[in-house]
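**Q** Can you keep this structure in mind? I'll have questions shortly.
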Amino acid sequence: MIAEQPNLLKLLADSRFAEGLSNSHLQSLCRAARHIRVPSETKLFQEGSFEDEVFIVCSGHVRLSMNVPGQDDVTFLTAGPGDLVGWSGLISDGRMTATATTVEETVLIGISGRRVQQLCEIEPELGYVLMRRVAQILSRRLLATRLQLLDLFHQNTGAAQ
């Protein structure tokens, strides 16, 4: 991974993740962030590993997969521009629940979960805004998972008839 520092504030402000964040919140997040350009097929993190950094996808795509016994890794989501991957570093102990691998060259903003947690202690309003944003993301992912399960259930019951 190659860390760069172009206009990080503009890159963050232009991301779908940061829509509606105040300039002061954006500046606070930039203090915990870095710009990264990652080649295709680069593993950002491994399921079960402990990681501090969360990523906002600026361009490119990141494949999220889980290990399924007897099937190796199964892709369950492809994250694109504006999506957040590695959220466990923000709200838990940092144990990754999936493996994240870039699909193509990808530009990311990497943010230290530990540093963001510290910022949120100092700036509770920022913490509230970020937790609402993460909750919205998790809600969308939960809905997508439920729809996939319904589709799988439908396929299995249809094949049984």
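Within each chain, counting starts at residue 1; across the structure tokens, chains are named A, B, ... in the order shown, with ligands numbered 1 upward in that order.
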What residues in chain A get the DSSP label alpha helix (DSSP H)? Please answer as a VMD selection string.

**A** chain A and resid 8 to 13 23 to 30 88 to 91 113 to 122 124 to 160

**Q** Next, dump the selected residues to file, keeping only C-alpha atoms, as a PDB file, in the first residue's frame.

**A**
ATOM      1  CA  LEU A   8      -7.182  14.670   2.152  1.00  0.00           C
ATOM      2  CA  LEU A   9      -9.866  17.087   3.326  1.00  0.00           C
ATOM      3  CA  LYS A  10     -11.283  17.413  -0.204  1.00  0.00           C
ATOM      4  CA  LEU A  11     -11.086  13.669  -0.796  1.00  0.00           C
ATOM      5  CA  LEU A  12     -12.975  12.990   2.434  1.00  0.00           C
ATOM      6  CA  ALA A  13     -15.519  15.769   1.834  1.00  0.00           C
ATOM      7  CA  ASN A  23     -16.099  21.217   7.993  1.00  0.00           C
ATOM      8  CA  SER A  24     -14.841  20.998  11.584  1.00  0.00           C
ATOM      9  CA  HIS A  25     -15.841  17.300  11.771  1.00  0.00           C
ATOM     10  CA  LEU A  26     -14.091  16.659   8.464  1.00  0.00           C
ATOM     11  CA  GLN A  27     -10.939  18.375   9.723  1.00  0.00           C
ATOM     12  CA  SER A  28     -11.042  16.304  12.919  1.00  0.00           C
ATOM     13  CA  LEU A  29     -11.338  13.078  10.916  1.00  0.00           C
ATOM     14  CA  CYS A  30      -8.429  14.125   8.696  1.00  0.00           C
ATOM     15  CA  SER A  88     -15.104  -3.171  13.522  1.00  0.00           C
ATOM     16  CA  GLY A  89     -12.121  -0.944  14.258  1.00  0.00           C
ATOM     17  CA  LEU A  90     -14.494   1.912  15.056  1.00  0.00           C
ATOM     18  CA  ILE A  91     -16.992   0.256  17.364  1.00  0.00           C
ATOM     19  CA  GLY A 113     -10.237   3.542  14.734  1.00  0.00           C
ATOM     20  CA  ARG A 114      -8.365   4.145  17.980  1.00  0.00           C
ATOM     21  CA  ARG A 115      -7.689   7.778  17.095  1.00  0.00           C
ATOM     22  CA  VAL A 116     -11.305   8.326  16.024  1.00  0.00           C
ATOM     23  CA  GLN A 117     -12.494   6.876  19.340  1.00  0.00           C
ATOM     24  CA  GLN A 118     -10.199   9.337  21.126  1.00  0.00           C
ATOM     25  CA  LEU A 119     -11.525  12.221  19.006  1.00  0.00           C
ATOM     26  CA  CYS A 120     -15.090  11.196  19.838  1.00  0.00           C
ATOM     27  CA  GLU A 121     -14.291  11.338  23.549  1.00  0.00           C
ATOM     28  CA  ILE A 122     -13.058  14.910  23.081  1.00  0.00           C
ATOM     29  CA  PRO A 124     -18.997  14.003  21.586  1.00  0.00           C
ATOM     30  CA  GLU A 125     -20.974  15.629  18.750  1.00  0.00           C
ATOM     31  CA  LEU A 126     -18.547  14.078  16.238  1.00  0.00           C
ATOM     32  CA  GLY A 127     -18.981  10.724  17.983  1.00  0.00           C
ATOM     33  CA  TYR A 128     -22.754  10.988  17.720  1.00  0.00           C
ATOM     34  CA  VAL A 129     -22.612  11.873  14.020  1.00  0.00           C
ATOM     35  CA  LEU A 130     -20.187   9.028  13.249  1.00  0.00           C
ATOM     36  CA  MET A 131     -22.132   6.416  15.206  1.00  0.00           C
ATOM     37  CA  ARG A 132     -25.327   7.419  13.379  1.00  0.00           C
ATOM     38  CA  ARG A 133     -23.471   7.081  10.084  1.00  0.00           C
ATOM     39  CA  VAL A 134     -22.050   3.662  11.017  1.00  0.00           C
ATOM     40  CA  ALA A 135     -25.495   2.523  12.240  1.00  0.00           C
ATOM     41  CA  GLN A 136     -26.990   3.522   8.867  1.00  0.00           C
ATOM     42  CA  ILE A 137     -24.296   1.547   7.046  1.00  0.00           C
ATOM     43  CA  LEU A 138     -24.832  -1.517   9.228  1.00  0.00           C
ATOM     44  CA  SER A 139     -28.588  -1.257   8.745  1.00  0.00           C
ATOM     45  CA  ARG A 140     -28.175  -1.278   4.941  1.00  0.00           C
ATOM     46  CA  ARG A 141     -25.789  -4.234   5.142  1.00  0.00           C
ATOM     47  CA  LEU A 142     -28.186  -6.139   7.396  1.00  0.00           C
ATOM     48  CA  LEU A 143     -31.004  -5.552   4.910  1.00  0.00           C
ATOM     49  CA  ALA A 144     -28.802  -6.722   2.020  1.00  0.00           C
ATOM     50  CA  THR A 145     -27.888  -9.850   3.988  1.00  0.00           C
ATOM     51  CA  ARG A 146     -31.545 -10.579   4.750  1.00  0.00           C
ATOM     52  CA  LEU A 147     -32.414 -10.228   1.067  1.00  0.00           C
ATOM     53  CA  GLN A 148     -29.587 -12.607   0.132  1.00  0.00           C
ATOM     54  CA  LEU A 149     -30.844 -15.126   2.703  1.00  0.00           C
ATOM     55  CA  LEU A 150     -34.398 -14.852   1.353  1.00  0.00           C
ATOM     56  CA  ASP A 151     -33.087 -15.403  -2.168  1.00  0.00           C
ATOM     57  CA  LEU A 152     -31.067 -18.419  -1.018  1.00  0.00           C
ATOM     58  CA  PHE A 153     -34.069 -19.796   0.882  1.00  0.00           C
ATOM     59  CA  HIS A 154     -36.241 -19.324  -2.213  1.00  0.00           C
ATOM     60  CA  GLN A 155     -33.690 -21.114  -4.418  1.00  0.00           C
ATOM     61  CA  ASN A 156     -33.443 -24.051  -1.999  1.00  0.00           C
ATOM     62  CA  THR A 157     -37.195 -24.456  -1.531  1.00  0.00           C
ATOM     63  CA  GLY A 158     -37.807 -24.095  -5.249  1.00  0.00           C
ATOM     64  CA  ALA A 159     -35.292 -26.851  -6.002  1.00  0.00           C
ATOM     65  CA  ALA A 160     -36.958 -29.156  -3.462  1.00  0.00           C
TER      66      ALA A 160
END

**Q** Pick out the residues sitting within 9 Å of region 97-111 of chain A, and hand them over as a PDB file with C-alpha atoms, in the first residue's frame; count only C-alpha atoms, and ignore anything fewer than 6 positions along from it in its own chain.

**A**
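This went into result.pdb:
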ATOM      1  CA  LEU A   8      -7.182  14.670   2.152  1.00  0.00           C
ATOM      2  CA  LEU A  11     -11.086  13.669  -0.796  1.00  0.00           C
ATOM      3  CA  LEU A  12     -12.975  12.990   2.434  1.00  0.00           C
ATOM      4  CA  LEU A  29     -11.338  13.078  10.916  1.00  0.00           C
ATOM      5  CA  CYS A  30      -8.429  14.125   8.696  1.00  0.00           C
ATOM      6  CA  ARG A  31      -6.197  14.207  11.784  1.00  0.00           C
ATOM      7  CA  ALA A  32      -6.762  10.442  12.109  1.00  0.00           C
ATOM      8  CA  ALA A  33      -6.682   9.666   8.375  1.00  0.00           C
ATOM      9  CA  ARG A  34      -4.356   8.941   5.501  1.00  0.00           C
ATOM     10  CA  HIS A  35      -4.773   8.579   1.740  1.00  0.00           C
ATOM     11  CA  ILE A  36      -3.845   5.191   0.282  1.00  0.00           C
ATOM     12  CA  ARG A  37      -3.582   3.857  -3.283  1.00  0.00           C
ATOM     13  CA  VAL A  38      -3.743   0.042  -3.317  1.00  0.00           C
ATOM     14  CA  PRO A  39      -3.036  -2.326  -6.236  1.00  0.00           C
ATOM     15  CA  SER A  40      -5.559  -4.890  -7.427  1.00  0.00           C
ATOM     16  CA  GLU A  41      -5.941  -8.100  -5.358  1.00  0.00           C
ATOM     17  CA  THR A  42      -4.392  -6.578  -2.240  1.00  0.00           C
ATOM     18  CA  LYS A  43      -5.727  -7.929   1.051  1.00  0.00           C
ATOM     19  CA  LEU A  44      -6.635  -5.031   3.343  1.00  0.00           C
ATOM     20  CA  PHE A  45      -7.452  -7.281   6.288  1.00  0.00           C
ATOM     21  CA  GLN A  46      -8.185 -10.916   7.084  1.00  0.00           C
ATOM     22  CA  GLU A  47     -11.266 -12.342   8.806  1.00  0.00           C
ATOM     23  CA  GLY A  48     -10.481 -12.907  12.487  1.00  0.00           C
ATOM     24  CA  SER A  49      -7.483 -10.567  12.568  1.00  0.00           C
ATOM     25  CA  ASP A  52      -7.272  -0.632  13.925  1.00  0.00           C
ATOM     26  CA  GLU A  53      -7.795   0.969  10.527  1.00  0.00           C
ATOM     27  CA  VAL A  54     -11.140   1.417   8.798  1.00  0.00           C
ATOM     28  CA  PHE A  55     -11.375   2.392   5.151  1.00  0.00           C
ATOM     29  CA  ILE A  56     -13.563   4.659   3.070  1.00  0.00           C
ATOM     30  CA  VAL A  57     -13.493   3.604  -0.590  1.00  0.00           C
ATOM     31  CA  CYS A  58     -12.866   6.649  -2.798  1.00  0.00           C
ATOM     32  CA  SER A  59     -12.489   4.803  -6.105  1.00  0.00           C
ATOM     33  CA  GLY A  60     -12.300   1.173  -7.088  1.00  0.00           C
ATOM     34  CA  HIS A  61     -13.936  -1.765  -5.332  1.00  0.00           C
ATOM     35  CA  VAL A  62     -13.248  -3.978  -2.333  1.00  0.00           C
ATOM     36  CA  ARG A  63     -14.516  -7.558  -2.152  1.00  0.00           C
ATOM     37  CA  LEU A  64     -15.727  -8.660   1.289  1.00  0.00           C
ATOM     38  CA  SER A  65     -15.731 -12.386   1.914  1.00  0.00           C
ATOM     39  CA  MET A  66     -16.065 -14.875   4.732  1.00  0.00           C
ATOM     40  CA  ASN A  67     -14.600 -18.321   5.098  1.00  0.00           C
ATOM     41  CA  ASP A  73     -13.928 -17.774   0.968  1.00  0.00           C
ATOM     42  CA  THR A  78     -18.496  -5.718  -3.078  1.00  0.00           C
ATOM     43  CA  PRO A  81     -16.968   4.445  -3.754  1.00  0.00           C
ATOM     44  CA  VAL A  85     -15.075  -1.302   5.164  1.00  0.00           C
ATOM     45  CA  GLY A  86     -13.462  -2.514   8.355  1.00  0.00           C
ATOM     46  CA  SER A  88     -15.104  -3.171  13.522  1.00  0.00           C
TER      47      SER A  88
END

**Q** Could you pull out all residues of region 54-134 of chain A with a DSSP call of strand (DSSP E or B) and give them as number ranges by chain?

**A** A: 54-59, 62-68, 72-79, 84-85, 95, 99-102, 106-112

**Q** Could you write those residues out with C-alpha atoms, as a PDB file, in the first residue's frame?

**A**
ATOM      1  CA  VAL A  54     -11.140   1.417   8.798  1.00  0.00           C
ATOM      2  CA  PHE A  55     -11.375   2.392   5.151  1.00  0.00           C
ATOM      3  CA  ILE A  56     -13.563   4.659   3.070  1.00  0.00           C
ATOM      4  CA  VAL A  57     -13.493   3.604  -0.590  1.00  0.00           C
ATOM      5  CA  CYS A  58     -12.866   6.649  -2.798  1.00  0.00           C
ATOM      6  CA  SER A  59     -12.489   4.803  -6.105  1.00  0.00           C
ATOM      7  CA  VAL A  62     -13.248  -3.978  -2.333  1.00  0.00           C
ATOM      8  CA  ARG A  63     -14.516  -7.558  -2.152  1.00  0.00           C
ATOM      9  CA  LEU A  64     -15.727  -8.660   1.289  1.00  0.00           C
ATOM     10  CA  SER A  65     -15.731 -12.386   1.914  1.00  0.00           C
ATOM     11  CA  MET A  66     -16.065 -14.875   4.732  1.00  0.00           C
ATOM     12  CA  ASN A  67     -14.600 -18.321   5.098  1.00  0.00           C
ATOM     13  CA  VAL A  68     -17.272 -20.989   4.759  1.00  0.00           C
ATOM     14  CA  ASP A  72     -13.220 -21.526   1.155  1.00  0.00           C
ATOM     15  CA  ASP A  73     -13.928 -17.774   0.968  1.00  0.00           C
ATOM     16  CA  VAL A  74     -17.400 -16.738  -0.190  1.00  0.00           C
ATOM     17  CA  THR A  75     -17.933 -13.160  -1.377  1.00  0.00           C
ATOM     18  CA  PHE A  76     -20.969 -11.573   0.228  1.00  0.00           C
ATOM     19  CA  LEU A  77     -20.526  -7.921  -0.760  1.00  0.00           C
ATOM     20  CA  THR A  78     -18.496  -5.718  -3.078  1.00  0.00           C
ATOM     21  CA  ALA A  79     -17.986  -2.251  -1.614  1.00  0.00           C
ATOM     22  CA  LEU A  84     -16.960   1.956   4.609  1.00  0.00           C
ATOM     23  CA  VAL A  85     -15.075  -1.302   5.164  1.00  0.00           C
ATOM     24  CA  ARG A  95     -11.601  -8.169  15.270  1.00  0.00           C
ATOM     25  CA  THR A  99     -11.692 -10.533   4.637  1.00  0.00           C
ATOM     26  CA  ALA A 100     -11.344  -7.446   2.422  1.00  0.00           C
ATOM     27  CA  THR A 101      -9.497  -7.627  -0.905  1.00  0.00           C
ATOM     28  CA  THR A 102      -9.270  -4.966  -3.587  1.00  0.00           C
ATOM     29  CA  THR A 106      -8.373   1.231  -5.335  1.00  0.00           C
ATOM     30  CA  VAL A 107      -8.025   4.611  -3.637  1.00  0.00           C
ATOM     31  CA  LEU A 108      -8.934   4.616   0.039  1.00  0.00           C
ATOM     32  CA  ILE A 109      -8.957   6.845   3.053  1.00  0.00           C
ATOM     33  CA  GLY A 110      -7.592   4.849   5.966  1.00  0.00           C
ATOM     34  CA  ILE A 111      -8.713   6.063   9.375  1.00  0.00           C
ATOM     35  CA  SER A 112      -7.332   4.910  12.711  1.00  0.00           C
TER      36      SER A 112
END

**Q** Could you tell me how far CA of Phe17 (chain A) sits from CA of Trp87 (chain A), in Å to one decimal place?

**A**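 Straight-line distance from CA of Trp87 (chain A) to CA of Phe17 (chain A) works out to 12.2 Å.
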
**Q** Between CA of Asp14 (chain A) and CA of Ser92 (chain A), what is the spacing in Å?

**A**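 Between CA of Ser92 (chain A) and CA of Asp14 (chain A) the gap works out to 26.8 Å.
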
**Q** Could you jot down the CA of Ala18 (chain A) to CA of Met96 (chain A) separation for me, Å, one decimal place?

**A**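 If I compute the distance from CA of Ala18 (chain A) to CA of Met96 (chain A), I get 22.5 Å.
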